[in-house]
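Novice: Below you will find the structure I want to go over with you.
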Amino acid sequence: MANVRIDGVSKKFGEVVAVDQATLQVEDKEFFALLGPSGCGKTTLLRIIAGFELPDNGHVYFGDREMTNVPPNERGTGMVFQSYALWPHMTVKENIEFGLNMRKLAKEEKAKRVANVLELLQLKGLEDRSPLQLSGGQQQRVAVARALAIEPQILLMDEPLSNLDAKLRIETRTELRKIQRELGITVIYVTHDQEEAMSIADRIGVMNRGRLLQVGSPREIYLFPRSLFVADFIGQATSVTGEVVSRDGFVTLKTPIGKVLGRYPPGLDVDIGQKVIAIVRPEHLLPDPMDQANEIKVRLSALSYLGSVTRVFGQSDGLNLIADLQVDKPVSVGQEVKLYFRPNDTLILASQ
């Protein structure tokens, strides 16, 4: 079993709280993403799992074994760094062999493992090149190959694609997901890229200011955010502050843009008179009227053509809105339009 359990882990650097009482379980063979803005503590938490940092409080377990004070080289993990950390004076083959040499593997076993990862990462023919002779994508694959050659139970990855261009990032993350499934290993993957986390992870842990705010599948995180931070950080959202005036089936709010009906997520209840926030995703603001739909008049201030949709930005009574309209609905800056959003697509969150 290669599941990872983090129990009440905290870490401070001086007066800065990098990780604050983090509790988390990553399942065996799961691809888990730690997601959050720069400085939120996700890399520190990964380094604690790897053993490069010791927590001030809390415990780390791999399966039933406590690993909190076990040295990094005895944890059975592989690590892929943001910088790749390849030795420039070594060839590709020598870089991949590095961890195997440290483990003093027999020559035959070492050759077998190197051949396997060269094949797996599509690096055959590059064995004798220096890392300086490789593209960014090739260097990234060498770093992954080196980590996989030691046959880790758990692969830890810290922003491994951030140095690649947009198209190559998409291609490489797809390959990483495929490799993870083929090998059946547990992966904990740190990223600040929401789309990246949503596209490859089985589950996501959203962090901010050292705290794990929410853990769930990409669908759960997107459709049922538990806080305004998560709703804003995962994708785009328009937020409307209002007061609860009724709660019969849907929650009815009194807001600056008029009456708004919405739903609240499982586990959250609201009271009459409570200040709450209604969240609407851009794809849920539509130009066509619907039964029971919320209506809003918007003065458009900017447009962005995104291919399949036109993303529009606008204001209504001081409220900023973002909507994705189909390209067959031509609009222009300065135009006033009516947009509609269904109560089922409107999520009510506690005010923060």
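We name chains A, B, ... following the order of the structure tokens; residues begin at 1 in each chain, and ligands are numbered from 1 as shown.
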Could you list, with a cut-off of 10 Å and counting only C-alpha atoms, the residues of segment 167-198 of chain A near segment 231-243 of chain A, each shown with its nearest atom pair and the distance in Å rounded to one decimal, rows sorted by chain and ascending number, as a Markdown table?
Specialist:
| residue | atom | partner | partner_atom | distance |
| --- | --- | --- | --- | --- |
| A:His192 | CA | A:Phe233 | CA | 9.7 |
| A:Asp193 | CA | A:Ile234 | CA | 9.3 |
| A:Gln194 | CA | A:Ile234 | CA | 5.9 |
| A:Glu195 | CA | A:Gly235 | CA | 8.0 |
| A:Ala197 | CA | A:Ile234 | CA | 9.7 |
| A:Met198 | CA | A:Ile234 | CA | 8.8 |
Novice: Would you kindly return, as a PDB file with N, CA and C atoms, in the first residue's frame, each protein, DNA or RNA residue with an atom no farther than 10 Å from any atom of Gly58 of chain A, considering only C-alpha atoms and excluding same-chain residues fewer than 4 positions away?
Specialist:
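Result went into around-v2.pdb, see below:
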ATOM      1  N   ILE A   6      -1.494  12.529   6.300  1.00  0.00           N
ATOM      2  CA  ILE A   6      -0.905  13.681   6.988  1.00  0.00           C
ATOM      3  C   ILE A   6      -1.856  14.054   8.112  1.00  0.00           C
ATOM      4  N   ASP A   7      -1.355  14.096   9.322  1.00  0.00           N
ATOM      5  CA  ASP A   7      -2.213  14.286  10.494  1.00  0.00           C
ATOM      6  C   ASP A   7      -1.770  15.509  11.289  1.00  0.00           C
ATOM      7  N   GLY A   8      -2.502  16.622  11.133  1.00  0.00           N
ATOM      8  CA  GLY A   8      -2.257  17.823  11.928  1.00  0.00           C
ATOM      9  C   GLY A   8      -0.881  18.425  11.756  1.00  0.00           C
ATOM     10  N   VAL A   9      -0.365  18.448  10.518  1.00  0.00           N
ATOM     11  CA  VAL A   9       1.001  18.923  10.259  1.00  0.00           C
ATOM     12  C   VAL A   9       1.045  20.448  10.194  1.00  0.00           C
ATOM     13  N   SER A  10       1.999  21.035  10.910  1.00  0.00           N
ATOM     14  CA  SER A  10       2.237  22.480  10.879  1.00  0.00           C
ATOM     15  C   SER A  10       3.722  22.746  10.702  1.00  0.00           C
ATOM     16  N   LYS A  11       4.034  23.888  10.059  1.00  0.00           N
ATOM     17  CA  LYS A  11       5.419  24.281   9.864  1.00  0.00           C
ATOM     18  C   LYS A  11       5.517  25.793   9.808  1.00  0.00           C
ATOM     19  N   GLN A  21      -1.798  23.191  10.440  1.00  0.00           N
ATOM     20  CA  GLN A  21      -2.689  22.093  10.860  1.00  0.00           C
ATOM     21  C   GLN A  21      -3.287  21.339   9.674  1.00  0.00           C
ATOM     22  N   ALA A  22      -2.439  20.930   8.745  1.00  0.00           N
ATOM     23  CA  ALA A  22      -2.915  20.209   7.558  1.00  0.00           C
ATOM     24  C   ALA A  22      -3.187  18.745   7.891  1.00  0.00           C
ATOM     25  N   THR A  23      -4.377  18.292   7.525  1.00  0.00           N
ATOM     26  CA  THR A  23      -4.764  16.888   7.671  1.00  0.00           C
ATOM     27  C   THR A  23      -5.310  16.406   6.333  1.00  0.00           C
ATOM     28  N   LEU A  54      11.210  18.976   8.308  1.00  0.00           N
ATOM     29  CA  LEU A  54      10.550  18.324   9.436  1.00  0.00           C
ATOM     30  C   LEU A  54       9.432  19.225   9.940  1.00  0.00           C
ATOM     31  N   THR A  68       7.483  10.460   9.862  1.00  0.00           N
ATOM     32  CA  THR A  68       7.755  11.858  10.208  1.00  0.00           C
ATOM     33  C   THR A  68       9.244  12.154  10.332  1.00  0.00           C
TER      34      THR A  68
END
Novice: Going by DSSP on the backbone, which residues of segment 74-252 of chain A come out as alpha helix (DSSP H)? List them as a PyMOL selection string.
Specialist: chain A and resi 92-102+107-120+136-149+166-183+194-200+218-223+228-233
Novice: Please write the residues from the selection above to a file, keeping C-alpha atoms, as an mmCIF file, in the first residue's frame.
Specialist:
data_model
loop_
_atom_site.group_PDB
_atom_site.id
_atom_site.type_symbol
_atom_site.label_atom_id
_atom_site.label_comp_id
_atom_site.auth_asym_id
_atom_site.auth_seq_id
_atom_site.Cartn_x
_atom_site.Cartn_y
_atom_site.Cartn_z
ATOM 1 C CA VAL A 92 21.148 11.600 -19.888
ATOM 2 C CA LYS A 93 21.962 7.973 -19.022
ATOM 3 C CA GLU A 94 24.244 8.996 -16.165
ATOM 4 C CA ASN A 95 21.599 11.335 -14.749
ATOM 5 C CA ILE A 96 19.034 8.539 -14.786
ATOM 6 C CA GLU A 97 21.530 6.150 -13.164
ATOM 7 C CA PHE A 98 22.356 8.571 -10.348
ATOM 8 C CA GLY A 99 19.816 7.276 -7.823
ATOM 9 C CA LEU A 100 20.549 3.687 -8.784
ATOM 10 C CA ASN A 101 24.272 4.190 -8.142
ATOM 11 C CA MET A 102 23.492 5.591 -4.709
ATOM 12 C CA LYS A 107 25.026 -3.695 -13.124
ATOM 13 C CA GLU A 108 22.444 -5.907 -14.860
ATOM 14 C CA GLU A 109 19.512 -4.588 -12.799
ATOM 15 C CA LYS A 110 20.674 -0.998 -13.318
ATOM 16 C CA ALA A 111 20.856 -1.461 -17.096
ATOM 17 C CA LYS A 112 17.393 -3.025 -17.137
ATOM 18 C CA ARG A 113 15.800 -0.171 -15.204
ATOM 19 C CA VAL A 114 17.488 2.515 -17.320
ATOM 20 C CA ALA A 115 16.340 0.797 -20.532
ATOM 21 C CA ASN A 116 12.776 0.569 -19.177
ATOM 22 C CA VAL A 117 12.460 4.266 -18.298
ATOM 23 C CA LEU A 118 14.140 5.384 -21.521
ATOM 24 C CA GLU A 119 11.460 3.444 -23.394
ATOM 25 C CA LEU A 120 8.646 4.643 -21.146
ATOM 26 C CA GLY A 136 12.869 21.853 -22.024
ATOM 27 C CA GLY A 137 10.376 19.056 -22.593
ATOM 28 C CA GLN A 138 13.154 16.483 -22.985
ATOM 29 C CA GLN A 139 14.874 17.693 -19.806
ATOM 30 C CA GLN A 140 11.593 17.361 -17.950
ATOM 31 C CA ARG A 141 11.226 13.763 -19.156
ATOM 32 C CA VAL A 142 14.774 12.964 -18.026
ATOM 33 C CA ALA A 143 13.932 14.290 -14.552
ATOM 34 C CA VAL A 144 10.832 12.061 -14.435
ATOM 35 C CA ALA A 145 12.847 9.082 -15.749
ATOM 36 C CA ARG A 146 15.444 9.548 -13.002
ATOM 37 C CA ALA A 147 12.711 9.593 -10.353
ATOM 38 C CA LEU A 148 10.963 6.520 -11.798
ATOM 39 C CA ALA A 149 14.171 4.488 -12.216
ATOM 40 C CA ALA A 166 1.556 26.176 -23.088
ATOM 41 C CA LYS A 167 1.200 23.552 -25.836
ATOM 42 C CA LEU A 168 3.989 21.363 -24.480
ATOM 43 C CA ARG A 169 2.508 21.561 -20.961
ATOM 44 C CA ILE A 170 -0.766 20.114 -22.243
ATOM 45 C CA GLU A 171 0.997 17.308 -24.123
ATOM 46 C CA THR A 172 3.307 16.477 -21.214
ATOM 47 C CA ARG A 173 0.641 16.431 -18.507
ATOM 48 C CA THR A 174 -1.360 13.981 -20.619
ATOM 49 C CA GLU A 175 1.717 11.740 -20.847
ATOM 50 C CA LEU A 176 2.330 11.983 -17.098
ATOM 51 C CA ARG A 177 -1.222 10.869 -16.378
ATOM 52 C CA LYS A 178 -0.865 7.955 -18.802
ATOM 53 C CA ILE A 179 2.437 6.857 -17.206
ATOM 54 C CA GLN A 180 0.963 7.068 -13.708
ATOM 55 C CA ARG A 181 -1.905 4.797 -14.695
ATOM 56 C CA GLU A 182 0.405 2.319 -16.432
ATOM 57 C CA LEU A 183 2.720 2.059 -13.423
ATOM 58 C CA GLN A 194 -6.029 25.396 -12.001
ATOM 59 C CA GLU A 195 -6.551 23.911 -15.463
ATOM 60 C CA GLU A 196 -3.588 21.593 -15.010
ATOM 61 C CA ALA A 197 -4.894 20.275 -11.678
ATOM 62 C CA MET A 198 -8.438 19.886 -12.999
ATOM 63 C CA SER A 199 -7.306 17.980 -16.098
ATOM 64 C CA ILE A 200 -5.052 15.317 -14.539
ATOM 65 C CA PRO A 218 -12.279 18.333 -9.804
ATOM 66 C CA ARG A 219 -16.059 18.260 -10.345
ATOM 67 C CA GLU A 220 -16.785 18.704 -6.629
ATOM 68 C CA ILE A 221 -14.295 21.542 -6.288
ATOM 69 C CA TYR A 222 -15.712 23.380 -9.310
ATOM 70 C CA LEU A 223 -19.437 22.868 -8.745
ATOM 71 C CA LEU A 228 -15.349 32.325 -1.895
ATOM 72 C CA PHE A 229 -11.585 31.809 -2.228
ATOM 73 C CA VAL A 230 -12.036 28.334 -3.731
ATOM 74 C CA ALA A 231 -14.820 29.563 -6.034
ATOM 75 C CA ASP A 232 -12.649 32.442 -7.287
ATOM 76 C CA PHE A 233 -9.437 30.436 -7.568
#
Novice: So the first atom is atom CA of Arg203 of chain A and the second is atom CA of Val17 of chain A; what is the distance between them in Å, to one decimal place?
Specialist: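 Atom-to-atom, atom CA of Arg203 of chain A and atom CA of Val17 of chain A are spaced 24.8 Å apart.
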Novice: Determine, using only C-alpha atoms, which residues of segment 223-267 of chain A have any atom at most 9 Å from an atom of segment 283-304 of chain A, and tabulate each with its shortest atom pair and distance in Å to one decimal place, rows ordered by chain and then rising number, as CSV.
Specialist:
residue,atom,partner,partner_atom,distance
A:Ile257,CA,A:Ile296,CA,6.7
A:Gly258,CA,A:Ile296,CA,8.1
A:Lys259,CA,A:Asn294,CA,7.4
A:Val260,CA,A:Asn294,CA,5.8
A:Leu261,CA,A:Asn294,CA,6.7
A:Gly262,CA,A:Asn294,CA,9.0
Novice: In Å, how far is it from atom CA of Gly125 of chain A to atom CA of Gly184 of chain A?
Specialist: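 Computing the Euclidean distance for atom CA of Gly125 of chain A and atom CA of Gly184 of chain A yields 26.4 Å.
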Novice: Provide the atom CA of Leu347 of chain A to atom CA of Leu35 of chain A distance in Å, to one decimal place.
Specialist: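 Atom-to-atom, atom CA of Leu347 of chain A and atom CA of Leu35 of chain A are spaced 21.8 Å apart.
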Novice: Using only C-alpha atoms, which residues sit within 8 Å of Ala33 of chain A once same-chain residues fewer than 2 positions away are excluded, as number ranges by chain?
Specialist: A: 31, 35, 188-191, 197, 201-205
Novice: Which one of A:Ala50, A:Ile154, A:Val215, A:Leu164 sits closest to Leu24 of chain A if you count only C-alpha atoms?
Specialist: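 Residue with the minimum atom-to-atom distance to Leu24 of chain A: A:Val215.
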Novice: Could I get the residues of segment 67-172 of chain A with an atom no further than 12 Å from an atom of segment 40-43 of chain A, each paired with its nearest atom pair and that distance in Å to one decimal, using only C-alpha atoms, sorted by chain and residue number, as a Markdown table?
Specialist:
| residue | atom | partner | partner_atom | distance |
| --- | --- | --- | --- | --- |
| A:Met79 | CA | A:Thr43 | CA | 11.9 |
| A:Val80 | CA | A:Thr43 | CA | 11.9 |
| A:Phe81 | CA | A:Thr43 | CA | 10.2 |
| A:Gln82 | CA | A:Thr43 | CA | 10.2 |
| A:Leu156 | CA | A:Thr43 | CA | 10.2 |
| A:Met157 | CA | A:Thr43 | CA | 9.3 |
| A:Asp158 | CA | A:Thr43 | CA | 6.6 |
| A:Glu159 | CA | A:Thr43 | CA | 8.7 |
| A:Pro160 | CA | A:Thr43 | CA | 11.7 |
Novice: Report as a ChimeraX atom specification all protein, DNA and RNA residues lying within 12 Å of Gly39 of chain A, evaluated on only C-alpha atoms, omitting residues in the same chain fewer than 5 positions from it.
Specialist: /A:16-19,44-45,191-192,207-211
